[in-house]
Amino acid sequence: MHFDTIAAISTPMGEGAIAIVRLSGDEAVQIADRVFQSPSGKKLIEEPSHTIHYGHLVDPVSGETVEEVMVSLMKAPKTFTREDVVEVNCHGGIVAVNRVLTLILNEGARLAEPGEFTKRAFLNGRIDLSQSEAVMDLIRAKTDRAMNVALGQMEGKLSKLIGELRNALVETLAQVEVTIDYPEYDDVEEMTIPHMLEKCTWVKEEINKLLLTSSQGKILREGLSTVIIGRPNVGKSSLLNSLVQENKAIVTDIAGTTRDIIEEYVNVRGVPLRLVDTAGIRDTEDIVERIGVERSRQVLKEADLILLVINSAEELSVEDERLFEAVSGMDTIVVSNKTDLPQKVDLKKVESLVEEGKIVTTSLLKDEGIDELEEAIATLFFEGNLESEDLTYVSNARHIALLQKAHKTIEDALGAAEAGVPVDMIQIDVTRTWEILGEIVGDTVQEGLINELFSRFCLGK
Ligand code: GDP
């Protein structure tokens with residue numbers, strides 16, 4: 001396929017040692033060549049692929065030197081987009097990189113849309129849709145584990161499995177065709193149904209397995225939204241600080257979304273905790289009153305995990321009990337804090353208010369109990385089997401929705417086959433399942449969806 005030549009700044013905006021302006025397309029090398037001057041007078045168009053060149057960018061109109069650069073030359077097809085790609089490494093200041101970009105745009109490149117480089121890699125057949133989505137996950141990964149999941153998907157793990165499932169379905173469809181084309185052979189139909197049942201059952205089970213990983217996958221990808229609540233002075237801020245100090249806090253600023261979100265993450269044994277509404281936590285005085293406010297209830301309702309802190313040096317108060325009521329039915333870990341002081345709380349009573357195993361005693365002052373708390377968090381969400389890294393995870397909401405749809409249609413096919421429905425009717429459901437699975441890898445998706453997906457990327461990717 002042939003597209004025009006696009007260019008964008010591919011590194012984050014800000015001050016750094018270097019910044020990169022990337023070009024991709026048929027004209028990429030020519031455009032770079034027109035503004036590039038090397039000390040030895042070499043021409044980029046004559047240089048071999050996958051080489052790097054030192055020189056200056058010079059404005060061909062004014063003759064003015066714009067920047068000192070290193071230019072990486074990568075000719076098609078062995079490039080990220082499968083097109084000619086040039087990467088201009090310049091100084092990392094906002095002015096420097098913008099000057100380079102402007103010069104290149106003036107020479108005829110078009111400013112790339114967000115995600116357009118990755119979109120080209122997809123359109124040129126280098127990667128499929130689920131792999132493209134993994135590129136975005138990789139950029140946004142908050143923990144090593146989340147990064148491994150994204151890497152696995154980018155390398156095509158999910159695509160490969162989906163491919164196998166679709167193959168199995170095509171095989172059964174081929175068999176059905178034979179039955180329909182040669183109805184005079186009764187025994188063909190007799191053989192077709194059991195074969196179809198077997199294959200479809202296998203496909204259904206594999207989809208099931210994928211769906212089972214989805215809640216963990218989603219947590220790894222998006223983080224576990226966590227709310228810390230408790231009466232004033234029980235130790236909420238201390239808990240937040242301990243979690244943040246023991247585990248590196250990651251603050252992400254996702255630009256380009258509808259609103260700019262600042263989120264705080266801490267990595268607890270591979271589980272990214274997204275600390276929600278931390279402003280409310282720090283504002284300790286009115287947290288209890290705020291529980292009564294609708295918005296706070298909403299925050300609680302949307303949380304994946306609640307850390308309810310109590311002061312074990314005091315008896316449970318009415319306010320504490322109100323908090324227990326507010327979180328009933330949610331995944332809650334009770335942090336019974338201040339064990340270094342004389343104990344007054346009735347732990348039996350606390351136990352009667354939450355499920356067993358979800359009470360952790362701490363002295364945040366003396367740094368005790370944090371390990372146990374982290375263990376409890378990890379156990380709650382991975383049920384102990386943390387090291388299942390070779391599993392193929394699905395974490396992407398779009399993939400999950402499609403897998404659920406595919407699960408439904410394959411179940412319909414199986415139900416119909418068991419009920420003795422004519423085989424050509426079952427064929428419809430099997431074909432539909434094949435199509436739905438294809439949407440995951442982008443084999444049967446419409447253009448609108450493709451544009452929508454890639455527009456969520458960051459600029460220059
Ligand atoms: P918050 O109002 O719930 O956020 O509570 P803070 O974290 O601000 O803690 C309130 C007070 O309790 C502070 O003076 C802390 O130093 C103290 N504190 C926190 N954890 C402990 C603990 O485990 N033992 C003791 N003795 N004091 C603690």
# chains A, B, ... in the order shown; residues from 1 in each chain; ligands from 1
call {"tool": "residues_around", "arguments": {"residues": "A:Val423", "least_positions_apart": "3", "cutoff": "8 Å", "atoms": "only C-alpha atoms", "output": "count of residues only"}}
result
5
call {"tool": "residues_around", "arguments": {"residues": "stretch 215-231 of chain A", "least_positions_apart": "2", "cutoff": "6 Å", "atoms": "only C-alpha atoms", "output": "list in words"}}
result
Ala146, Thr213, Val234, Pro272, Leu273, Arg274, Leu275, Val276, Ala303, Asp304, Leu305, Ile306, Leu307, Leu308, Val309, Tyr393, Val394 and Ser395 of chain A
call {"tool": "write_last_selection", "arguments": {"atoms": "N, CA and C atoms", "output": "PDB file, in the first residue's frame"}}
result
ATOM      1  N   ALA A 146       2.528  -6.139  34.095  1.00  0.00           N
ATOM      2  CA  ALA A 146       1.636  -5.613  33.060  1.00  0.00           C
ATOM      3  C   ALA A 146       2.399  -5.484  31.747  1.00  0.00           C
ATOM      4  N   THR A 213      -9.018 -15.331  32.526  1.00  0.00           N
ATOM      5  CA  THR A 213      -7.843 -14.493  32.804  1.00  0.00           C
ATOM      6  C   THR A 213      -8.187 -13.013  32.714  1.00  0.00           C
ATOM      7  N   VAL A 234      -6.952   7.596  62.429  1.00  0.00           N
ATOM      8  CA  VAL A 234      -6.708   6.162  62.609  1.00  0.00           C
ATOM      9  C   VAL A 234      -5.417   5.732  61.923  1.00  0.00           C
ATOM     10  N   PRO A 272      -0.883  -3.349  40.312  1.00  0.00           N
ATOM     11  CA  PRO A 272      -0.850  -1.892  40.364  1.00  0.00           C
ATOM     12  C   PRO A 272      -2.077  -1.355  41.093  1.00  0.00           C
ATOM     13  N   LEU A 273      -1.858  -0.705  42.230  1.00  0.00           N
ATOM     14  CA  LEU A 273      -2.984  -0.104  42.947  1.00  0.00           C
ATOM     15  C   LEU A 273      -3.155   1.312  42.442  1.00  0.00           C
ATOM     16  N   ARG A 274      -4.367   1.627  42.025  1.00  0.00           N
ATOM     17  CA  ARG A 274      -4.626   3.000  41.612  1.00  0.00           C
ATOM     18  C   ARG A 274      -5.325   3.671  42.773  1.00  0.00           C
ATOM     19  N   LEU A 275      -4.634   4.579  43.405  1.00  0.00           N
ATOM     20  CA  LEU A 275      -5.189   5.181  44.612  1.00  0.00           C
ATOM     21  C   LEU A 275      -6.159   6.277  44.217  1.00  0.00           C
ATOM     22  N   VAL A 276      -7.406   6.005  44.475  1.00  0.00           N
ATOM     23  CA  VAL A 276      -8.453   6.887  44.009  1.00  0.00           C
ATOM     24  C   VAL A 276      -8.809   7.886  45.104  1.00  0.00           C
ATOM     25  N   ALA A 303     -14.919   1.280  43.469  1.00  0.00           N
ATOM     26  CA  ALA A 303     -13.604   0.781  43.892  1.00  0.00           C
ATOM     27  C   ALA A 303     -13.529  -0.732  43.746  1.00  0.00           C
ATOM     28  N   ASP A 304     -12.324  -1.226  43.397  1.00  0.00           N
ATOM     29  CA  ASP A 304     -12.105  -2.675  43.350  1.00  0.00           C
ATOM     30  C   ASP A 304     -11.666  -3.174  44.718  1.00  0.00           C
ATOM     31  N   LEU A 305     -11.074  -2.300  45.489  1.00  0.00           N
ATOM     32  CA  LEU A 305     -10.544  -2.697  46.791  1.00  0.00           C
ATOM     33  C   LEU A 305     -10.706  -1.561  47.781  1.00  0.00           C
ATOM     34  N   ILE A 306     -11.172  -1.915  48.988  1.00  0.00           N
ATOM     35  CA  ILE A 306     -11.291  -0.916  50.045  1.00  0.00           C
ATOM     36  C   ILE A 306     -10.350  -1.299  51.175  1.00  0.00           C
ATOM     37  N   LEU A 307      -9.552  -0.368  51.590  1.00  0.00           N
ATOM     38  CA  LEU A 307      -8.743  -0.581  52.781  1.00  0.00           C
ATOM     39  C   LEU A 307      -9.404   0.233  53.884  1.00  0.00           C
ATOM     40  N   LEU A 308     -10.018  -0.475  54.821  1.00  0.00           N
ATOM     41  CA  LEU A 308     -10.743   0.194  55.906  1.00  0.00           C
ATOM     42  C   LEU A 308      -9.850   0.194  57.148  1.00  0.00           C
ATOM     43  N   VAL A 309      -9.426   1.377  57.544  1.00  0.00           N
ATOM     44  CA  VAL A 309      -8.489   1.476  58.663  1.00  0.00           C
ATOM     45  C   VAL A 309      -9.253   1.753  59.951  1.00  0.00           C
ATOM     46  N   TYR A 393      -3.049 -13.709  28.570  1.00  0.00           N
ATOM     47  CA  TYR A 393      -4.034 -12.878  29.249  1.00  0.00           C
ATOM     48  C   TYR A 393      -4.845 -12.078  28.252  1.00  0.00           C
ATOM     49  N   VAL A 394      -6.106 -11.894  28.514  1.00  0.00           N
ATOM     50  CA  VAL A 394      -6.811 -10.846  27.783  1.00  0.00           C
ATOM     51  C   VAL A 394      -7.127  -9.757  28.788  1.00  0.00           C
ATOM     52  N   SER A 395      -6.828  -8.545  28.420  1.00  0.00           N
ATOM     53  CA  SER A 395      -7.013  -7.472  29.380  1.00  0.00           C
ATOM     54  C   SER A 395      -7.775  -6.325  28.751  1.00  0.00           C
TER      55      SER A 395
END
call {"tool": "residues_near_ligand", "arguments": {"ligand": "ligand 1", "cutoff": "8 Å", "atoms": "only C-alpha atoms and all ligand atoms", "output": "MDAnalysis selection string"}}
result
chainID A and resid 229:240 281:285 309 337:341 362:368
call {"tool": "residues_around", "arguments": {"residues": "A:Thr172", "least_positions_apart": "2", "cutoff": "8 Å", "atoms": "only C-alpha atoms", "output": "VMD selection string"}}
result
chain A and resid 168 to 170 174 to 176 192 195 to 196 199
call {"tool": "residues_around", "arguments": {"residues": "A:Lys160", "least_positions_apart": "5", "cutoff": "12 Å", "atoms": "only C-alpha atoms", "output": "PyMOL selection string"}}
result
chain A and resi 127-128+130-131+152-155+165-167+392+437-438+440-441
call {"tool": "write_last_selection", "arguments": {"atoms": "all heavy atoms", "output": "compact mmCIF listing (two decimals), in the first residue's frame"}}
result
# COMPACT_ATOMS: atom_id res chain seq x y z
N ILE A 127 1.74 -5.96 11.74
CA ILE A 127 1.17 -6.47 12.98
C ILE A 127 -0.34 -6.51 12.83
O ILE A 127 -0.91 -5.83 11.97
CB ILE A 127 1.53 -5.57 14.20
CG1 ILE A 127 1.19 -4.10 13.91
CG2 ILE A 127 2.98 -5.72 14.58
CD1 ILE A 127 1.45 -3.19 15.09
N ASP A 128 -1.01 -7.34 13.64
CA ASP A 128 -2.47 -7.35 13.56
C ASP A 128 -3.03 -6.40 14.62
O ASP A 128 -2.29 -5.75 15.36
CB ASP A 128 -3.03 -8.78 13.66
CG ASP A 128 -2.93 -9.37 15.04
OD1 ASP A 128 -2.88 -8.60 16.02
OD2 ASP A 128 -2.90 -10.60 15.15
N SER A 130 -4.72 -6.78 17.47
CA SER A 130 -4.48 -6.98 18.90
C SER A 130 -3.03 -6.66 19.23
O SER A 130 -2.72 -6.20 20.33
CB SER A 130 -4.85 -8.40 19.33
OG SER A 130 -3.88 -9.31 18.92
N GLN A 131 -2.14 -6.86 18.28
CA GLN A 131 -0.74 -6.49 18.52
C GLN A 131 -0.58 -4.97 18.57
O GLN A 131 0.19 -4.45 19.36
CB GLN A 131 0.15 -7.07 17.41
CG GLN A 131 0.35 -8.56 17.55
CD GLN A 131 1.08 -9.13 16.35
OE1 GLN A 131 0.62 -9.01 15.22
NE2 GLN A 131 2.23 -9.72 16.59
N GLY A 152 3.86 -9.99 25.56
CA GLY A 152 3.38 -11.28 25.05
C GLY A 152 2.36 -11.08 23.94
O GLY A 152 2.38 -11.74 22.91
N GLN A 153 1.47 -10.11 24.18
CA GLN A 153 0.41 -9.85 23.21
C GLN A 153 1.01 -9.22 21.95
O GLN A 153 0.60 -9.52 20.84
CB GLN A 153 -0.63 -8.92 23.82
CG GLN A 153 -1.86 -8.78 22.94
CD GLN A 153 -2.94 -7.97 23.63
OE1 GLN A 153 -3.15 -8.10 24.83
NE2 GLN A 153 -3.61 -7.14 22.88
N MET A 154 2.01 -8.37 22.15
CA MET A 154 2.61 -7.71 21.00
C MET A 154 3.34 -8.73 20.14
O MET A 154 3.38 -8.61 18.93
CB MET A 154 3.57 -6.63 21.46
CG MET A 154 3.80 -5.59 20.42
SD MET A 154 4.59 -4.17 21.14
CE MET A 154 6.20 -4.78 21.47
N GLU A 155 3.94 -9.70 20.80
CA GLU A 155 4.64 -10.73 20.05
C GLU A 155 3.67 -11.69 19.37
O GLU A 155 4.06 -12.63 18.69
CB GLU A 155 5.57 -11.52 20.97
CG GLU A 155 6.82 -10.73 21.32
CD GLU A 155 7.52 -11.27 22.55
OE1 GLU A 155 7.07 -12.31 23.08
OE2 GLU A 155 8.49 -10.65 22.97
N LEU A 165 -8.02 -21.12 17.02
CA LEU A 165 -9.46 -21.32 17.23
C LEU A 165 -10.21 -21.15 15.90
O LEU A 165 -11.09 -21.92 15.56
CB LEU A 165 -10.01 -20.34 18.26
CG LEU A 165 -9.40 -20.40 19.66
CD1 LEU A 165 -10.09 -19.42 20.60
CD2 LEU A 165 -9.52 -21.80 20.24
N ARG A 166 -9.82 -20.12 15.16
CA ARG A 166 -10.51 -19.85 13.89
C ARG A 166 -10.26 -20.98 12.89
O ARG A 166 -11.15 -21.35 12.14
CB ARG A 166 -10.07 -18.51 13.32
CG ARG A 166 -10.48 -17.34 14.20
CD ARG A 166 -10.08 -16.04 13.58
NE ARG A 166 -11.09 -15.55 12.64
CZ ARG A 166 -10.82 -14.81 11.58
NH1 ARG A 166 -9.57 -14.52 11.28
NH2 ARG A 166 -11.78 -14.39 10.80
N ASN A 167 -9.04 -21.51 12.92
CA ASN A 167 -8.74 -22.65 12.04
C ASN A 167 -9.62 -23.83 12.33
O ASN A 167 -10.14 -24.48 11.42
CB ASN A 167 -7.28 -23.09 12.24
CG ASN A 167 -6.38 -22.35 11.28
OD1 ASN A 167 -6.87 -21.78 10.30
ND2 ASN A 167 -5.10 -22.32 11.56
N THR A 392 -1.92 -16.82 28.46
CA THR A 392 -2.27 -15.73 27.56
C THR A 392 -3.37 -14.93 28.23
O THR A 392 -4.46 -15.43 28.46
CB THR A 392 -2.77 -16.30 26.22
OG1 THR A 392 -1.79 -17.19 25.73
CG2 THR A 392 -3.00 -15.21 25.22
N LEU A 437 -14.34 -13.72 16.34
CA LEU A 437 -12.95 -13.91 16.75
C LEU A 437 -12.01 -13.14 15.83
O LEU A 437 -11.00 -12.60 16.25
CB LEU A 437 -12.58 -15.41 16.75
CG LEU A 437 -13.24 -16.24 17.85
CD1 LEU A 437 -12.88 -17.72 17.68
CD2 LEU A 437 -12.83 -15.77 19.24
N GLY A 438 -12.38 -13.05 14.57
CA GLY A 438 -11.59 -12.31 13.60
C GLY A 438 -11.51 -10.83 13.93
O GLY A 438 -10.50 -10.17 13.66
N ILE A 440 -11.12 -9.56 16.75
CA ILE A 440 -10.08 -9.33 17.75
C ILE A 440 -8.76 -9.01 17.08
O ILE A 440 -8.04 -8.10 17.47
CB ILE A 440 -9.94 -10.55 18.69
CG1 ILE A 440 -11.22 -10.71 19.50
CG2 ILE A 440 -8.71 -10.41 19.60
CD1 ILE A 440 -11.22 -11.89 20.43
N VAL A 441 -8.44 -9.76 16.03
CA VAL A 441 -7.16 -9.52 15.35
C VAL A 441 -7.30 -8.56 14.18
O VAL A 441 -6.33 -8.25 13.49
CB VAL A 441 -6.52 -10.86 14.88
CG1 VAL A 441 -6.01 -11.63 16.07
CG2 VAL A 441 -7.51 -11.69 14.08
call {"tool": "closest_residue", "arguments": {"among": "A:Leu111, A:Leu197, A:Ile31, A:Met330", "to": "A:Ala416", "atoms": "only C-alpha atoms"}}
result
A:Leu197
call {"tool": "residues_around", "arguments": {"residues": "A:Lys75", "least_positions_apart": "2", "cutoff": "9 Å", "atoms": "only C-alpha atoms", "output": "list in words"}}
result
Val29, Pro48, Ser49, His50, Leu73, Pro77, Lys78, Thr79, Arg82, Glu83, Asp84, Val85 and Val86 of chain A
call {"tool": "atom_distance", "arguments": {"atom1": "atom CA of A:Ala134", "atom2": "atom CA of A:Leu151"}}
result
7.1 Å
call {"tool": "select_by_dssp", "arguments": {"residues": "stretch 82-279 of chain A", "states": "strand (DSSP E or B)", "output": "PyMOL selection string"}}
result
chain A and resi 85-92+110-111+224-230+249-254+261-268+271-275
call {"tool": "closest_residue", "arguments": {"among": "A:Ile436, A:Ala8, A:Ala150, A:Ala112", "to": "A:Asp137", "atoms": "only C-alpha atoms"}}
result
A:Ala150
call {"tool": "residues_around", "arguments": {"residues": "A:Leu105", "least_positions_apart": "4", "cutoff": "10 Å", "atoms": "only C-alpha atoms", "output": "PDB file with C-alpha atoms, in the first residue's frame"}}
result
ATOM      1  CA  THR A   5       4.821  10.706   4.187  1.00  0.00           C
ATOM      2  CA  ILE A   6       4.005  11.522   7.787  1.00  0.00           C
ATOM      3  CA  ALA A   7       6.110  13.064  10.527  1.00  0.00           C
ATOM      4  CA  ALA A   8       5.738  13.666  14.260  1.00  0.00           C
ATOM      5  CA  LEU A  23       9.170  10.267   9.399  1.00  0.00           C
ATOM      6  CA  ILE A  31      12.587  14.855   2.511  1.00  0.00           C
ATOM      7  CA  ARG A  99      12.139  23.646  14.704  1.00  0.00           C
ATOM      8  CA  VAL A 100      13.150  20.279  13.268  1.00  0.00           C
ATOM      9  CA  LEU A 101       9.534  19.220  12.870  1.00  0.00           C
ATOM     10  CA  ALA A 109       5.696  15.746   5.107  1.00  0.00           C
ATOM     11  CA  ARG A 110       2.270  15.773   6.752  1.00  0.00           C
ATOM     12  CA  LEU A 111       1.853  15.939  10.537  1.00  0.00           C
TER      13      LEU A 111
END
call {"tool": "closest_residue", "arguments": {"among": "A:Asp429, A:Glu321, A:Glu27, A:Asp371", "to": "A:Lys349", "atoms": "only C-alpha atoms"}}
result
A:Glu321
call {"tool": "atom_distance", "arguments": {"atom1": "atom CA of A:Asn148", "atom2": "atom CA of A:Phe117"}}
result
22.5 Å
call {"tool": "select_by_dssp", "arguments": {"residues": "stretch 46-178 of chain A", "states": "alpha helix (DSSP H)", "output": "PyMOL selection string"}}
result
chain A and resi 94-106+116-123+129-140+144-154+157-178
call {"tool": "write_last_selection", "arguments": {"atoms": "C-alpha atoms", "output": "PDB file, in the first residue's frame"}}
result
ATOM      1  CA  ILE A  94      10.942  21.982  23.079  1.00  0.00           C
ATOM      2  CA  VAL A  95      12.187  24.710  20.725  1.00  0.00           C
ATOM      3  CA  ALA A  96      14.820  22.508  19.071  1.00  0.00           C
ATOM      4  CA  VAL A  97      12.484  19.637  18.348  1.00  0.00           C
ATOM      5  CA  ASN A  98       9.729  21.928  17.076  1.00  0.00           C
ATOM      6  CA  ARG A  99      12.139  23.646  14.704  1.00  0.00           C
ATOM      7  CA  VAL A 100      13.150  20.279  13.268  1.00  0.00           C
ATOM      8  CA  LEU A 101       9.534  19.220  12.870  1.00  0.00           C
ATOM      9  CA  THR A 102       8.556  22.510  11.213  1.00  0.00           C
ATOM     10  CA  LEU A 103      11.421  22.233   8.750  1.00  0.00           C
ATOM     11  CA  ILE A 104      10.393  18.708   7.808  1.00  0.00           C
ATOM     12  CA  LEU A 105       6.724  19.662   7.439  1.00  0.00           C
ATOM     13  CA  ASN A 106       7.752  22.585   5.213  1.00  0.00           C
ATOM     14  CA  GLU A 116      -0.774   6.820  12.748  1.00  0.00           C
ATOM     15  CA  PHE A 117       2.649   5.111  12.686  1.00  0.00           C
ATOM     16  CA  THR A 118       1.213   2.059  14.425  1.00  0.00           C
ATOM     17  CA  LYS A 119      -1.845   2.211  12.173  1.00  0.00           C
ATOM     18  CA  ARG A 120       0.447   1.983   9.155  1.00  0.00           C
ATOM     19  CA  ALA A 121       2.235  -1.000  10.673  1.00  0.00           C
ATOM     20  CA  PHE A 122      -1.211  -2.584  10.886  1.00  0.00           C
ATOM     21  CA  LEU A 123      -2.423  -1.519   7.434  1.00  0.00           C
ATOM     22  CA  LEU A 129      -4.974  -5.333  15.521  1.00  0.00           C
ATOM     23  CA  SER A 130      -4.484  -6.983  18.899  1.00  0.00           C
ATOM     24  CA  GLN A 131      -0.743  -6.490  18.516  1.00  0.00           C
ATOM     25  CA  SER A 132      -1.257  -2.797  17.741  1.00  0.00           C
ATOM     26  CA  GLU A 133      -3.361  -2.432  20.844  1.00  0.00           C
ATOM     27  CA  ALA A 134      -0.571  -4.079  22.817  1.00  0.00           C
ATOM     28  CA  VAL A 135       1.779  -1.309  21.683  1.00  0.00           C
ATOM     29  CA  MET A 136      -0.425   1.151  23.517  1.00  0.00           C
ATOM     30  CA  ASP A 137      -0.612  -1.108  26.582  1.00  0.00           C
ATOM     31  CA  LEU A 138       3.146  -1.325  26.575  1.00  0.00           C
ATOM     32  CA  ILE A 139       3.492   2.454  26.659  1.00  0.00           C
ATOM     33  CA  ARG A 140       1.048   2.695  29.520  1.00  0.00           C
ATOM     34  CA  ASP A 144       6.702  -5.244  35.114  1.00  0.00           C
ATOM     35  CA  ARG A 145       3.974  -7.819  35.076  1.00  0.00           C
ATOM     36  CA  ALA A 146       1.636  -5.613  33.060  1.00  0.00           C
ATOM     37  CA  MET A 147       4.494  -4.966  30.680  1.00  0.00           C
ATOM     38  CA  ASN A 148       5.106  -8.702  30.239  1.00  0.00           C
ATOM     39  CA  VAL A 149       1.450  -9.242  29.389  1.00  0.00           C
ATOM     40  CA  ALA A 150       1.603  -6.456  26.802  1.00  0.00           C
ATOM     41  CA  LEU A 151       4.867  -7.811  25.389  1.00  0.00           C
ATOM     42  CA  GLY A 152       3.381 -11.277  25.050  1.00  0.00           C
ATOM     43  CA  GLN A 153       0.412  -9.854  23.211  1.00  0.00           C
ATOM     44  CA  MET A 154       2.606  -7.710  20.996  1.00  0.00           C
ATOM     45  CA  LYS A 157       0.545 -14.708  21.635  1.00  0.00           C
ATOM     46  CA  LEU A 158      -3.134 -13.840  21.659  1.00  0.00           C
ATOM     47  CA  SER A 159      -3.241 -13.586  17.866  1.00  0.00           C
ATOM     48  CA  LYS A 160      -1.753 -17.056  17.543  1.00  0.00           C
ATOM     49  CA  LEU A 161      -4.299 -18.607  19.859  1.00  0.00           C
ATOM     50  CA  ILE A 162      -7.178 -16.808  18.140  1.00  0.00           C
ATOM     51  CA  GLY A 163      -5.792 -18.051  14.817  1.00  0.00           C
ATOM     52  CA  GLU A 164      -5.854 -21.654  16.055  1.00  0.00           C
ATOM     53  CA  LEU A 165      -9.457 -21.322  17.225  1.00  0.00           C
ATOM     54  CA  ARG A 166     -10.514 -19.853  13.894  1.00  0.00           C
ATOM     55  CA  ASN A 167      -8.736 -22.646  12.040  1.00  0.00           C
ATOM     56  CA  ALA A 168     -10.617 -25.257  14.007  1.00  0.00           C
ATOM     57  CA  LEU A 169     -13.880 -23.515  13.128  1.00  0.00           C
ATOM     58  CA  VAL A 170     -12.995 -23.305   9.437  1.00  0.00           C
ATOM     59  CA  GLU A 171     -12.249 -27.007   9.475  1.00  0.00           C
ATOM     60  CA  THR A 172     -15.692 -27.832  10.802  1.00  0.00           C
ATOM     61  CA  LEU A 173     -17.232 -25.438   8.286  1.00  0.00           C
ATOM     62  CA  ALA A 174     -15.424 -27.227   5.469  1.00  0.00           C
ATOM     63  CA  GLN A 175     -16.788 -30.508   6.729  1.00  0.00           C
ATOM     64  CA  VAL A 176     -20.304 -29.061   6.802  1.00  0.00           C
ATOM     65  CA  GLU A 177     -19.899 -27.965   3.187  1.00  0.00           C
ATOM     66  CA  VAL A 178     -19.124 -31.548   2.229  1.00  0.00           C
TER      67      VAL A 178
END
call {"tool": "closest_residue", "arguments": {"among": "A:His2, A:Arg34, A:Lys301, A:Arg126", "to": "A:Leu57", "atoms": "only C-alpha atoms"}}
result
A:Arg34
call {"tool": "closest_residue", "arguments": {"among": "A:Ser38, A:Ala419, A:Gly460, A:Gly125", "to": "A:Asp443", "atoms": "only C-alpha atoms"}}
result
A:Gly125
